[in-house]
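Visitor: The structure follows.
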Amino acid sequence: MPRNTALFERASQTIPGGVNSPVRAFRSVGGVPRFIERANGPYVWDAQGTRYTDYVGSWGPAILGHAHPEVIKAVQDAAVNGLSFGAPTEAEIEIAEALVARLPSIEKVRLVSSGTEATMSAIRLARGYTKRPKIIKFEGCYHGHADSLLVKAGSGMLTFGNPTSAGVPPEFIQHTLVLDFNNIDAVEAAFNAHGDELACIIVEPIAGNMNLVRPQPGFLEALRQLCTKHGALLIFDEVMTGFRVGPQGVQGLTGVKPDITTLAKVIGGGMPVGAFGGRADIMEYVAPLGPVYQAGTLSGNPVAVAAGLVTLKLLSEPGFYDRLEAQTRKLADGLAERAENAGIPFSADYVGGMFGLYFRERIPTTLAEVSECDIELFKKFFHAMLIKGIYFAPSAFEAGFVSATHDDDVINATLDAAEEVFAKL
Ligand SMILES: *Cc1c(COP(=O)(O)O)cnc(C)c1O
C-alpha cells in the first residue's frame with residue numbers, strides 16, 4: 001500500500017476524517033491527501049519522497065517560501081529561551097510596533113493565536129463598543145469558525161454544500177445578516193432596515209475563500225460610507241490578504257480605512273499568530289482597560305512572535321511585492337494563455353502573491369458566478385497537475401499562493417506541465 005494511503009488510513013482511526021482541518025482531506029477533489037514530511041522554498045515533499053511545487057503555502061503564511069533560513073533561525077533562537085511564559089515580553093511590543101507602523105488604520109493591536117480568534121474577538125469588540133447586537137457578513141466570505149459566523153460560510157463549508165454547521169443553535173446566528181458580496185444595494189437596504197442595531201460589517205476586502213473575488217469599484221468605499229453614516233464599525237478581515245496582496249493589505253491598495261483589522265497567516269510566518277487592531281478609542285474597550293473580555297494563555301507566544309517579526313522584516317525589503325506580483329502574474333497569465341490555446345474555458349486573476357483559477361471564460365465577480373465554474377474540469381486538472389508534481393489547493397473554492405521562492409524556473413516548469421494537462425483535458 002502506498003505510504004500516503006497507509007498514513008491516511010491510520011490517521012482516520014484516531015482523527016476525524018484523518019485530518020485536523022477539513023479541506024486537507026481532499027474530499028472535494030477525491031483521492032488521498034499527501035502527508036507532508038518536509039518543505040523548502042517553493043517545494044513540499046510527501047511521505048513517499050515525492051516532491052511537489054506548492055501553491056498552497058500553508059494556505060497563505062509561507063510567503064517567503066518554506067523554511068526560510070532566517071525565520072527558522074529566529075524560531076530556534078527564541079525556543080532555547082523557553083517556549084511560553086504567560087507574562088509579557090519585549091518581542092510582543094516589537095511586533096505590535098511593526099504592525100502599527102505598517103498599517104495606518106491600526107493604532108493599537110492585540111495578539112491572538114489564530115484568524116478565528118481574531119475575527120471572533122473583533123466582532124465582540126465591535127458589539128461592545130457600539131452596544132449593538134447585529135452584524136453583516138457576506139456569503140462566500142470566510143471568517144473562521146466562530147458560531148455566529150458559520151452562516152452559509154465559504155471555504156470548506158461551501159465545498160461541502162452545507163448552508164450552516166450543525167451544533168450552532170439558530171439563536172446564535174439570529175443577529176448575523178448574510179448579504180451578497182459586491183451588492184451595495186443589499187447593504188443599503190440592511191442599514192435602512194436595521195441601521196441603529198448594526199454593530200459592524202465584517203468583510204474579506206478581497207475575497208479569498210470563494211476562490212479569489214475582487215471587490216467591484218466602489219464596493220468597499222460604499223461599505224465605509226454606510227458604516228460611518230450609521231455609526232457601525234467596518235472590520236476588514238485581512239487574515240488572508242494582510243501582507244499578502246501588498247505591504248499594507250487591501251487597505252493600502254484601495255485607500256479604504258477600516259475601523260478594525262484582523263490579521264493572521266502571514267504575520268505568524270508559519271507559526272500560530274493572529275491579531276486584531278484598530279483605532280485606539282475602540283481598542284481601549286478591550287480588557288483590562290475596557291469592558292470587552294478577551295484573553296489567551298498562549299497569546300503573543302515568544303516562539304511564534306519571533307517567526308512573525310522576522311517575516312515582517314523581510315517583507316519590508318524594497319521591491320518585495322513588485323517582484324512577488326510579477327511571479328504571480330506570470331503564473332496566472334501563463335495558465336490562462338495555455339488554457340486558451342487548448343480551447344479550455346478558463347480564466348485567472350491575481351493580486352500580489354495571491355491568485356484565483358476559474359474554469360469559466362470570465363473572471364467571476366460574485367459567488368453565483370464562482371459557482372458556475374466547471375468543478376469536474378477543475379478536479380481533472382487538479383489531479384493531472386498533482387501527478388506532474390504540482391500541488392494546487394484541493395478545492396475549486398480556494399485562492400492559491402505564490403512565494404518569493406517561486407522563481408522563473410519554478411513557474412515555467414508549472415506552465416509546461418499545465419500545457420500538457422490542458423491539451424489532454
Ligand atoms: C484563514 C482565514 C480565517 C481563519 O483563520 P484561522 O487561523 O484558520 O482560524 C479567517 N478569515 C480569513 C479571511 C481567512 O482566510
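Simple scheme: letters A, B, ... for chains in C-alpha cells order, numbers from 1 for residues in each chain, numbers from 1 for ligands in the order shown.
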Using only C-alpha atoms and all ligand atoms, which residues have at least one atom no more than 9 Å from ligand 1? Output them as JSON, numbers by chain.
Guide: {"A": [21, 59, 60, 113, 114, 115, 116, 117, 118, 119, 141, 142, 143, 144, 145, 146, 155, 203, 204, 205, 206, 207, 208, 209, 236, 237, 238, 239, 240, 241, 262, 263, 264, 265, 272, 273, 274]}
Visitor: Give me the residues within 9 Å of stretch 62-78 of chain A as a PDB file with N, CA and C atoms, in the first residue's frame, counting only C-alpha atoms and dropping any in the same chain fewer than 4 places off.
Guide:
ATOM      1  N   ARG A  38       8.438  17.297   4.770  1.00  0.00           N
ATOM      2  CA  ARG A  38       9.270  18.484   4.905  1.00  0.00           C
ATOM      3  C   ARG A  38       8.984  19.420   3.750  1.00  0.00           C
ATOM      4  N   ALA A  39       9.489  20.649   3.885  1.00  0.00           N
ATOM      5  CA  ALA A  39       9.265  21.645   2.848  1.00  0.00           C
ATOM      6  C   ALA A  39      10.463  22.565   2.788  1.00  0.00           C
ATOM      7  N   ASN A  40      10.735  23.079   1.604  1.00  0.00           N
ATOM      8  CA  ASN A  40      11.830  24.036   1.446  1.00  0.00           C
ATOM      9  C   ASN A  40      11.547  24.918   0.238  1.00  0.00           C
ATOM     10  N   GLY A  41      11.637  26.228   0.433  1.00  0.00           N
ATOM     11  CA  GLY A  41      11.394  27.145  -0.683  1.00  0.00           C
ATOM     12  C   GLY A  41      10.005  26.935  -1.277  1.00  0.00           C
ATOM     13  N   PRO A  42       9.916  26.683  -2.593  1.00  0.00           N
ATOM     14  CA  PRO A  42       8.603  26.512  -3.230  1.00  0.00           C
ATOM     15  C   PRO A  42       8.110  25.062  -3.174  1.00  0.00           C
ATOM     16  N   TYR A  43       8.857  24.170  -2.546  1.00  0.00           N
ATOM     17  CA  TYR A  43       8.557  22.733  -2.629  1.00  0.00           C
ATOM     18  C   TYR A  43       8.113  22.131  -1.295  1.00  0.00           C
ATOM     19  N   VAL A  44       7.269  21.104  -1.401  1.00  0.00           N
ATOM     20  CA  VAL A  44       6.985  20.223  -0.261  1.00  0.00           C
ATOM     21  C   VAL A  44       7.268  18.788  -0.710  1.00  0.00           C
ATOM     22  N   VAL A  56      -0.051  26.183  -2.291  1.00  0.00           N
ATOM     23  CA  VAL A  56      -0.937  26.363  -1.142  1.00  0.00           C
ATOM     24  C   VAL A  56      -0.215  27.195  -0.068  1.00  0.00           C
ATOM     25  N   GLY A  57       1.075  26.909   0.111  1.00  0.00           N
ATOM     26  CA  GLY A  57       1.868  27.727   1.030  1.00  0.00           C
ATOM     27  C   GLY A  57       1.276  27.788   2.428  1.00  0.00           C
ATOM     28  N   SER A  58       0.814  26.620   2.913  1.00  0.00           N
ATOM     29  CA  SER A  58       0.164  26.554   4.228  1.00  0.00           C
ATOM     30  C   SER A  58      -1.084  27.446   4.267  1.00  0.00           C
ATOM     31  N   GLY A  82      13.021  29.330  26.147  1.00  0.00           N
ATOM     32  CA  GLY A  82      11.765  28.916  26.784  1.00  0.00           C
ATOM     33  C   GLY A  82      10.609  29.141  25.834  1.00  0.00           C
ATOM     34  N   LEU A  83       9.588  28.292  25.961  1.00  0.00           N
ATOM     35  CA  LEU A  83       8.524  28.270  24.943  1.00  0.00           C
ATOM     36  C   LEU A  83       7.338  29.160  25.254  1.00  0.00           C
ATOM     37  N   PHE A 243      -0.524  41.639   4.289  1.00  0.00           N
ATOM     38  CA  PHE A 243       0.881  41.388   3.916  1.00  0.00           C
ATOM     39  C   PHE A 243       1.001  40.306   2.842  1.00  0.00           C
ATOM     40  N   ARG A 244      -0.089  39.989   2.187  1.00  0.00           N
ATOM     41  CA  ARG A 244      -0.106  39.002   1.110  1.00  0.00           C
ATOM     42  C   ARG A 244      -0.321  39.685  -0.249  1.00  0.00           C
ATOM     43  N   LYS A 265      -2.223  34.301   9.521  1.00  0.00           N
ATOM     44  CA  LYS A 265      -1.482  33.744   8.379  1.00  0.00           C
ATOM     45  C   LYS A 265      -0.091  34.378   8.220  1.00  0.00           C
ATOM     46  N   VAL A 266       0.106  35.317   7.296  1.00  0.00           N
ATOM     47  CA  VAL A 266       1.470  35.815   7.027  1.00  0.00           C
ATOM     48  C   VAL A 266       2.141  36.362   8.286  1.00  0.00           C
ATOM     49  N   GLY A 269       4.313  33.959  10.018  1.00  0.00           N
ATOM     50  CA  GLY A 269       5.408  33.317   9.283  1.00  0.00           C
ATOM     51  C   GLY A 269       5.348  31.792   9.338  1.00  0.00           C
ATOM     52  N   GLY A 270       4.159  31.228   9.536  1.00  0.00           N
ATOM     53  CA  GLY A 270       4.021  29.773   9.624  1.00  0.00           C
ATOM     54  C   GLY A 270       3.771  29.296  11.045  1.00  0.00           C
ATOM     55  N   PRO A 302       6.214  33.568  22.531  1.00  0.00           N
ATOM     56  CA  PRO A 302       7.513  34.112  22.113  1.00  0.00           C
ATOM     57  C   PRO A 302       8.112  33.450  20.867  1.00  0.00           C
ATOM     58  N   VAL A 303       7.904  32.158  20.702  1.00  0.00           N
ATOM     59  CA  VAL A 303       8.479  31.478  19.535  1.00  0.00           C
ATOM     60  C   VAL A 303       7.713  31.889  18.276  1.00  0.00           C
ATOM     61  N   ALA A 304       6.381  31.948  18.392  1.00  0.00           N
ATOM     62  CA  ALA A 304       5.560  32.342  17.253  1.00  0.00           C
ATOM     63  C   ALA A 304       5.830  33.794  16.866  1.00  0.00           C
ATOM     64  N   VAL A 305       5.919  34.655  17.859  1.00  0.00           N
ATOM     65  CA  VAL A 305       6.172  36.075  17.588  1.00  0.00           C
ATOM     66  C   VAL A 305       7.540  36.267  16.923  1.00  0.00           C
ATOM     67  N   ALA A 306       8.515  35.469  17.317  1.00  0.00           N
ATOM     68  CA  ALA A 306       9.849  35.582  16.697  1.00  0.00           C
ATOM     69  C   ALA A 306       9.762  35.296  15.196  1.00  0.00           C
ATOM     70  N   ALA A 307       8.976  34.280  14.826  1.00  0.00           N
ATOM     71  CA  ALA A 307       8.814  33.948  13.397  1.00  0.00           C
ATOM     72  C   ALA A 307       8.098  35.086  12.675  1.00  0.00           C
ATOM     73  N   GLY A 308       7.077  35.646  13.317  1.00  0.00           N
ATOM     74  CA  GLY A 308       6.314  36.721  12.700  1.00  0.00           C
ATOM     75  C   GLY A 308       7.145  37.978  12.501  1.00  0.00           C
ATOM     76  N   LEU A 309       7.924  38.310  13.509  1.00  0.00           N
ATOM     77  CA  LEU A 309       8.726  39.537  13.448  1.00  0.00           C
ATOM     78  C   LEU A 309       9.735  39.505  12.311  1.00  0.00           C
ATOM     79  N   VAL A 310      10.453  38.419  12.193  1.00  0.00           N
ATOM     80  CA  VAL A 310      11.477  38.360  11.143  1.00  0.00           C
ATOM     81  C   VAL A 310      10.810  38.285   9.772  1.00  0.00           C
ATOM     82  N   THR A 311       9.639  37.658   9.697  1.00  0.00           N
ATOM     83  CA  THR A 311       8.900  37.624   8.427  1.00  0.00           C
ATOM     84  C   THR A 311       8.512  39.038   8.016  1.00  0.00           C
ATOM     85  N   LEU A 314      11.528  40.898   6.704  1.00  0.00           N
ATOM     86  CA  LEU A 314      11.962  40.502   5.359  1.00  0.00           C
ATOM     87  C   LEU A 314      10.988  40.994   4.286  1.00  0.00           C
ATOM     88  N   LEU A 315       9.701  41.110   4.653  1.00  0.00           N
ATOM     89  CA  LEU A 315       8.701  41.573   3.683  1.00  0.00           C
ATOM     90  C   LEU A 315       8.853  43.053   3.371  1.00  0.00           C
ATOM     91  N   LEU A 324       7.145  39.827  -6.166  1.00  0.00           N
ATOM     92  CA  LEU A 324       6.189  38.746  -5.893  1.00  0.00           C
ATOM     93  C   LEU A 324       5.047  38.781  -6.902  1.00  0.00           C
ATOM     94  N   GLY A 353       0.687  38.301  -4.070  1.00  0.00           N
ATOM     95  CA  GLY A 353       1.079  36.898  -4.087  1.00  0.00           C
ATOM     96  C   GLY A 353      -0.084  35.937  -3.986  1.00  0.00           C
ATOM     97  N   PHE A 401      -1.501  30.559  -3.743  1.00  0.00           N
ATOM     98  CA  PHE A 401      -0.469  31.462  -3.235  1.00  0.00           C
ATOM     99  C   PHE A 401       0.890  31.183  -3.862  1.00  0.00           C
ATOM    100  N   VAL A 402       1.580  32.278  -4.169  1.00  0.00           N
ATOM    101  CA  VAL A 402       2.929  32.217  -4.709  1.00  0.00           C
ATOM    102  C   VAL A 402       3.857  32.789  -3.641  1.00  0.00           C
ATOM    103  N   SER A 403       5.064  32.235  -3.543  1.00  0.00           N
ATOM    104  CA  SER A 403       6.032  32.755  -2.574  1.00  0.00           C
ATOM    105  C   SER A 403       7.194  33.423  -3.299  1.00  0.00           C
ATOM    106  N   ALA A 404       8.030  34.073  -2.505  1.00  0.00           N
ATOM    107  CA  ALA A 404       9.212  34.749  -3.063  1.00  0.00           C
ATOM    108  C   ALA A 404      10.193  33.758  -3.680  1.00  0.00           C
ATOM    109  N   THR A 405      10.038  32.463  -3.390  1.00  0.00           N
ATOM    110  CA  THR A 405      10.961  31.472  -3.959  1.00  0.00           C
ATOM    111  C   THR A 405      10.425  30.840  -5.247  1.00  0.00           C
ATOM    112  N   HIS A 406       9.226  31.241  -5.666  1.00  0.00           N
ATOM    113  CA  HIS A 406       8.707  30.751  -6.953  1.00  0.00           C
ATOM    114  C   HIS A 406       9.347  31.585  -8.075  1.00  0.00           C
TER     115      HIS A 406
END
Visitor: So which one's closest to A:Asn341, A:Asp322, A:Leu289, A:Phe382, A:Glu420? Using only C-alpha atoms, please.
Guide: A:Glu420
Visitor: Could you tell me how far atom CA of A:Arg132 lies from atom CA of A:Ile282, in Å and to one decimal?
Guide: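 Taking atom CA of A:Arg132 as the start and atom CA of A:Ile282 as the end point, the length is 14.2 Å.
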Visitor: Would you mind reading off the distance between atom CA of A:Asp349 and atom CA of A:Pro104, one decimal, in Å?
Guide: 27.3 Å
Visitor: Step one, run DSSP on the backbone; step two, keep only residues of stretch 88-322 of chain A assigned to strand (DSSP E or B); then write them as a PyMOL selection string.
Guide: chain A and resi 108-112+134-139+151+164+176-180+198-203+207+213+233-237+260-263+269+271+274-278+286+292
Visitor: Do you have the atom CA of A:Ala87-atom CA of A:Arg279 distance handy?
Guide: 24.8 Å
Visitor: Skip A:Lys330 itself and residues of its chain fewer than 3 positions away, then list as a PDB file with C-alpha atoms, in the first residue's frame all residues within 12 Å of it, counting only C-alpha atoms.
Guide:
ATOM      1  CA  ARG A 323       8.797  41.001  -7.504  1.00  0.00           C
ATOM      2  CA  LEU A 324       6.189  38.746  -5.893  1.00  0.00           C
ATOM      3  CA  GLU A 325       3.346  40.076  -8.019  1.00  0.00           C
ATOM      4  CA  ALA A 326       5.444  39.735 -11.200  1.00  0.00           C
ATOM      5  CA  GLN A 327       5.778  35.997 -10.490  1.00  0.00           C
ATOM      6  CA  ASP A 333      -1.405  34.877 -17.306  1.00  0.00           C
ATOM      7  CA  GLY A 334       0.647  31.880 -18.414  1.00  0.00           C
ATOM      8  CA  LEU A 335      -2.039  29.416 -17.303  1.00  0.00           C
ATOM      9  CA  ALA A 336      -4.784  31.462 -18.985  1.00  0.00           C
ATOM     10  CA  GLU A 337      -2.807  31.610 -22.218  1.00  0.00           C
ATOM     11  CA  ARG A 338      -2.134  27.873 -22.272  1.00  0.00           C
ATOM     12  CA  ALA A 348      -7.254  33.590 -13.892  1.00  0.00           C
ATOM     13  CA  ASP A 349      -6.805  36.624 -11.664  1.00  0.00           C
ATOM     14  CA  TYR A 350      -4.136  37.691  -9.182  1.00  0.00           C
ATOM     15  CA  VAL A 351      -3.263  40.362  -6.631  1.00  0.00           C
ATOM     16  CA  GLY A 352       0.197  40.459  -5.057  1.00  0.00           C
ATOM     17  CA  GLY A 353       1.079  36.898  -4.087  1.00  0.00           C
ATOM     18  CA  PHE A 355      -4.287  34.139  -7.343  1.00  0.00           C
ATOM     19  CA  VAL A 402       2.929  32.217  -4.709  1.00  0.00           C
ATOM     20  CA  HIS A 406       8.707  30.751  -6.953  1.00  0.00           C
ATOM     21  CA  ASP A 407      11.292  31.973  -9.471  1.00  0.00           C
ATOM     22  CA  ASP A 408      11.066  31.862 -13.265  1.00  0.00           C
ATOM     23  CA  ASP A 409      12.281  28.260 -13.477  1.00  0.00           C
ATOM     24  CA  VAL A 410       9.651  27.122 -10.984  1.00  0.00           C
ATOM     25  CA  ILE A 411       6.811  28.994 -12.709  1.00  0.00           C
ATOM     26  CA  ASN A 412       7.914  27.874 -16.182  1.00  0.00           C
ATOM     27  CA  ALA A 413       8.003  24.234 -15.088  1.00  0.00           C
ATOM     28  CA  THR A 414       4.434  24.637 -13.812  1.00  0.00           C
ATOM     29  CA  LEU A 415       3.339  26.223 -17.094  1.00  0.00           C
TER      30      LEU A 415
END
Visitor: Please identify all polymer residues within 6 Å of A:Ser347, counting only C-alpha atoms, omitting same-chain residues fewer than 6 positions from it, and present them as a PDB file with all heavy atoms, in the first residue's frame.
Guide:
ATOM      1  N   ALA A 336      -3.644  31.044 -18.155  1.00  0.00           N
ATOM      2  CA  ALA A 336      -4.784  31.462 -18.985  1.00  0.00           C
ATOM      3  C   ALA A 336      -4.443  31.313 -20.465  1.00  0.00           C
ATOM      4  O   ALA A 336      -5.275  30.835 -21.261  1.00  0.00           O
ATOM      5  CB  ALA A 336      -5.172  32.894 -18.651  1.00  0.00           C
ATOM      6  N   TYR A 358     -10.139  29.894 -12.483  1.00  0.00           N
ATOM      7  CA  TYR A 358     -11.575  29.654 -12.665  1.00  0.00           C
ATOM      8  C   TYR A 358     -11.800  28.883 -13.949  1.00  0.00           C
ATOM      9  O   TYR A 358     -11.374  29.335 -15.021  1.00  0.00           O
ATOM     10  CB  TYR A 358     -12.348  30.979 -12.752  1.00  0.00           C
ATOM     11  CG  TYR A 358     -11.808  32.066 -11.842  1.00  0.00           C
ATOM     12  CD1 TYR A 358     -10.908  33.006 -12.342  1.00  0.00           C
ATOM     13  CD2 TYR A 358     -12.181  32.135 -10.504  1.00  0.00           C
ATOM     14  CE1 TYR A 358     -10.394  33.990 -11.526  1.00  0.00           C
ATOM     15  CE2 TYR A 358     -11.665  33.125  -9.677  1.00  0.00           C
ATOM     16  CZ  TYR A 358     -10.770  34.048 -10.197  1.00  0.00           C
ATOM     17  OH  TYR A 358     -10.250  35.021  -9.386  1.00  0.00           O
ATOM     18  N   GLU A 361     -15.133  31.126 -18.649  1.00  0.00           N
ATOM     19  CA  GLU A 361     -14.487  32.056 -19.579  1.00  0.00           C
ATOM     20  C   GLU A 361     -14.039  33.349 -18.906  1.00  0.00           C
ATOM     21  O   GLU A 361     -12.965  33.860 -19.186  1.00  0.00           O
ATOM     22  CB  GLU A 361     -15.424  32.398 -20.749  1.00  0.00           C
ATOM     23  CG  GLU A 361     -15.712  31.228 -21.694  1.00  0.00           C
ATOM     24  CD  GLU A 361     -14.504  30.845 -22.541  1.00  0.00           C
ATOM     25  OE1 GLU A 361     -13.518  31.601 -22.568  1.00  0.00           O
ATOM     26  OE2 GLU A 361     -14.552  29.753 -23.159  1.00  0.00           O
ATOM     27  N   ARG A 362     -14.910  33.892 -18.038  1.00  0.00           N
ATOM     28  CA  ARG A 362     -14.604  35.217 -17.483  1.00  0.00           C
ATOM     29  C   ARG A 362     -14.348  35.149 -15.987  1.00  0.00           C
ATOM     30  O   ARG A 362     -14.894  34.292 -15.277  1.00  0.00           O
ATOM     31  CB  ARG A 362     -15.738  36.191 -17.792  1.00  0.00           C
ATOM     32  CG  ARG A 362     -15.719  36.695 -19.257  1.00  0.00           C
ATOM     33  CD  ARG A 362     -16.796  37.731 -19.513  1.00  0.00           C
ATOM     34  NE  ARG A 362     -18.120  37.274 -19.090  1.00  0.00           N
ATOM     35  CZ  ARG A 362     -18.777  37.767 -18.052  1.00  0.00           C
ATOM     36  NH1 ARG A 362     -18.288  38.734 -17.338  1.00  0.00           N
ATOM     37  NH2 ARG A 362     -19.965  37.275 -17.722  1.00  0.00           N
ATOM     38  N   ILE A 363     -13.551  36.076 -15.496  1.00  0.00           N
ATOM     39  CA  ILE A 363     -13.248  36.162 -14.063  1.00  0.00           C
ATOM     40  C   ILE A 363     -14.534  36.499 -13.314  1.00  0.00           C
ATOM     41  O   ILE A 363     -15.218  37.467 -13.668  1.00  0.00           O
ATOM     42  CB  ILE A 363     -12.167  37.244 -13.827  1.00  0.00           C
ATOM     43  CG1 ILE A 363     -10.842  36.809 -14.469  1.00  0.00           C
ATOM     44  CG2 ILE A 363     -12.000  37.522 -12.339  1.00  0.00           C
ATOM     45  CD1 ILE A 363      -9.795  37.914 -14.523  1.00  0.00           C
TER      46      ILE A 363
END
Visitor: Can you pull out every residue from stretch 250-295 of chain A that DSSP, working from the backbone, puts in alpha helix (DSSP H), and format the result as a compact mmCIF listing (two decimals) with all heavy atoms, in the first residue's frame?
Guide:
# COMPACT_ATOMS: atom_id res chain seq x y z
N VAL A 250 -5.21 45.07 1.68
CA VAL A 250 -6.17 45.67 0.74
C VAL A 250 -6.40 47.14 1.10
O VAL A 250 -6.63 47.98 0.23
CB VAL A 250 -7.50 44.90 0.75
CG1 VAL A 250 -8.46 45.50 -0.28
CG2 VAL A 250 -7.27 43.43 0.46
N GLN A 251 -6.29 47.46 2.39
CA GLN A 251 -6.50 48.86 2.77
C GLN A 251 -5.46 49.77 2.12
O GLN A 251 -5.75 50.91 1.77
CB GLN A 251 -6.56 49.05 4.28
CG GLN A 251 -5.47 48.36 5.07
CD GLN A 251 -5.88 48.21 6.54
OE1 GLN A 251 -5.82 49.15 7.31
NE2 GLN A 251 -6.31 47.02 6.93
N GLY A 252 -4.25 49.25 1.95
CA GLY A 252 -3.21 50.03 1.27
C GLY A 252 -3.49 50.15 -0.22
O GLY A 252 -3.22 51.19 -0.82
N LEU A 253 -4.03 49.10 -0.82
CA LEU A 253 -4.30 49.12 -2.27
C LEU A 253 -5.47 50.03 -2.61
O LEU A 253 -5.49 50.66 -3.66
CB LEU A 253 -4.61 47.70 -2.78
CG LEU A 253 -3.51 46.65 -2.64
CD1 LEU A 253 -3.98 45.31 -3.20
CD2 LEU A 253 -2.23 47.08 -3.35
N THR A 254 -6.46 50.08 -1.72
CA THR A 254 -7.71 50.80 -2.05
C THR A 254 -7.81 52.16 -1.35
O THR A 254 -8.62 52.99 -1.77
CB THR A 254 -8.94 49.99 -1.61
OG1 THR A 254 -8.86 49.78 -0.19
CG2 THR A 254 -8.99 48.64 -2.32
N ALA A 280 -7.47 53.59 18.41
CA ALA A 280 -7.15 53.46 19.83
C ALA A 280 -8.40 53.52 20.69
O ALA A 280 -8.56 52.75 21.64
CB ALA A 280 -6.15 54.54 20.25
N ASP A 281 -9.33 54.46 20.36
CA ASP A 281 -10.51 54.60 21.23
C ASP A 281 -11.37 53.34 21.21
O ASP A 281 -12.05 53.03 22.19
CB ASP A 281 -11.34 55.83 20.82
CG ASP A 281 -11.96 55.69 19.45
OD1 ASP A 281 -11.23 55.32 18.50
OD2 ASP A 281 -13.17 55.92 19.31
N ILE A 282 -11.31 52.60 20.11
CA ILE A 282 -12.04 51.33 20.04
C ILE A 282 -11.27 50.26 20.80
O ILE A 282 -11.84 49.54 21.64
CB ILE A 282 -12.25 50.90 18.57
CG1 ILE A 282 -13.07 51.94 17.81
CG2 ILE A 282 -12.92 49.53 18.51
CD1 ILE A 282 -13.16 51.69 16.32
N MET A 283 -9.97 50.15 20.54
CA MET A 283 -9.16 49.09 21.15
C MET A 283 -9.12 49.23 22.67
O MET A 283 -8.90 48.25 23.39
CB MET A 283 -7.74 49.09 20.57
CG MET A 283 -7.64 48.65 19.11
SD MET A 283 -8.37 47.03 18.76
CE MET A 283 -7.26 45.92 19.64
Visitor: Can you pull out the residues contacting A:Gly167? Cut-off 10 Å, using only C-alpha atoms, and skip same-chain residues under 3 positions away; I want them as a CSV table (one decimal) with N, CA and C atoms, in the first residue's frame.
Guide:
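Printed below is selection_20.csv as written:
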chain,number,residue,atom,x,y,z
A,147,ASP,N,-19.1,30.5,16.1
A,147,ASP,CA,-20.5,30.1,15.9
A,147,ASP,C,-21.3,31.1,15.1
A,164,THR,N,-25.2,25.8,6.9
A,164,THR,CA,-24.7,26.2,8.2
A,164,THR,C,-24.1,24.9,8.8
A,170,PRO,N,-30.0,28.2,16.2
A,170,PRO,CA,-30.4,29.4,15.4
A,170,PRO,C,-30.3,30.7,16.2
Visitor: Excluding A:Ala126 and any residue of its chain fewer than 6 positions from it, enumerate the residues within 7 Å of it, using only C-alpha atoms, and give them as a PDB file with N, CA, C and O atoms, in the first residue's frame.
Guide:
ATOM      1  N   ALA A 199     -23.907  46.599  14.602  1.00  0.00           N
ATOM      2  CA  ALA A 199     -22.618  46.890  15.235  1.00  0.00           C
ATOM      3  C   ALA A 199     -21.511  47.027  14.202  1.00  0.00           C
ATOM      4  O   ALA A 199     -20.629  47.873  14.332  1.00  0.00           O
ATOM      5  N   CYS A 200     -21.532  46.175  13.179  1.00  0.00           N
ATOM      6  CA  CYS A 200     -20.414  46.166  12.240  1.00  0.00           C
ATOM      7  C   CYS A 200     -20.728  45.416  10.963  1.00  0.00           C
ATOM      8  O   CYS A 200     -21.674  44.637  10.908  1.00  0.00           O
ATOM      9  N   LEU A 233     -19.216  49.867  12.845  1.00  0.00           N
ATOM     10  CA  LEU A 233     -17.780  49.747  12.580  1.00  0.00           C
ATOM     11  C   LEU A 233     -17.544  48.874  11.349  1.00  0.00           C
ATOM     12  O   LEU A 233     -18.288  47.931  11.089  1.00  0.00           O
TER      13      LEU A 233
END
Visitor: Calculated over only C-alpha atoms, which of the candidates A:Ile202, A:Val29, A:Ile123, A:Val256 has the smallest distance to A:Phe381?
Guide: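 Selected residue with least distance to A:Phe381: A:Val29.
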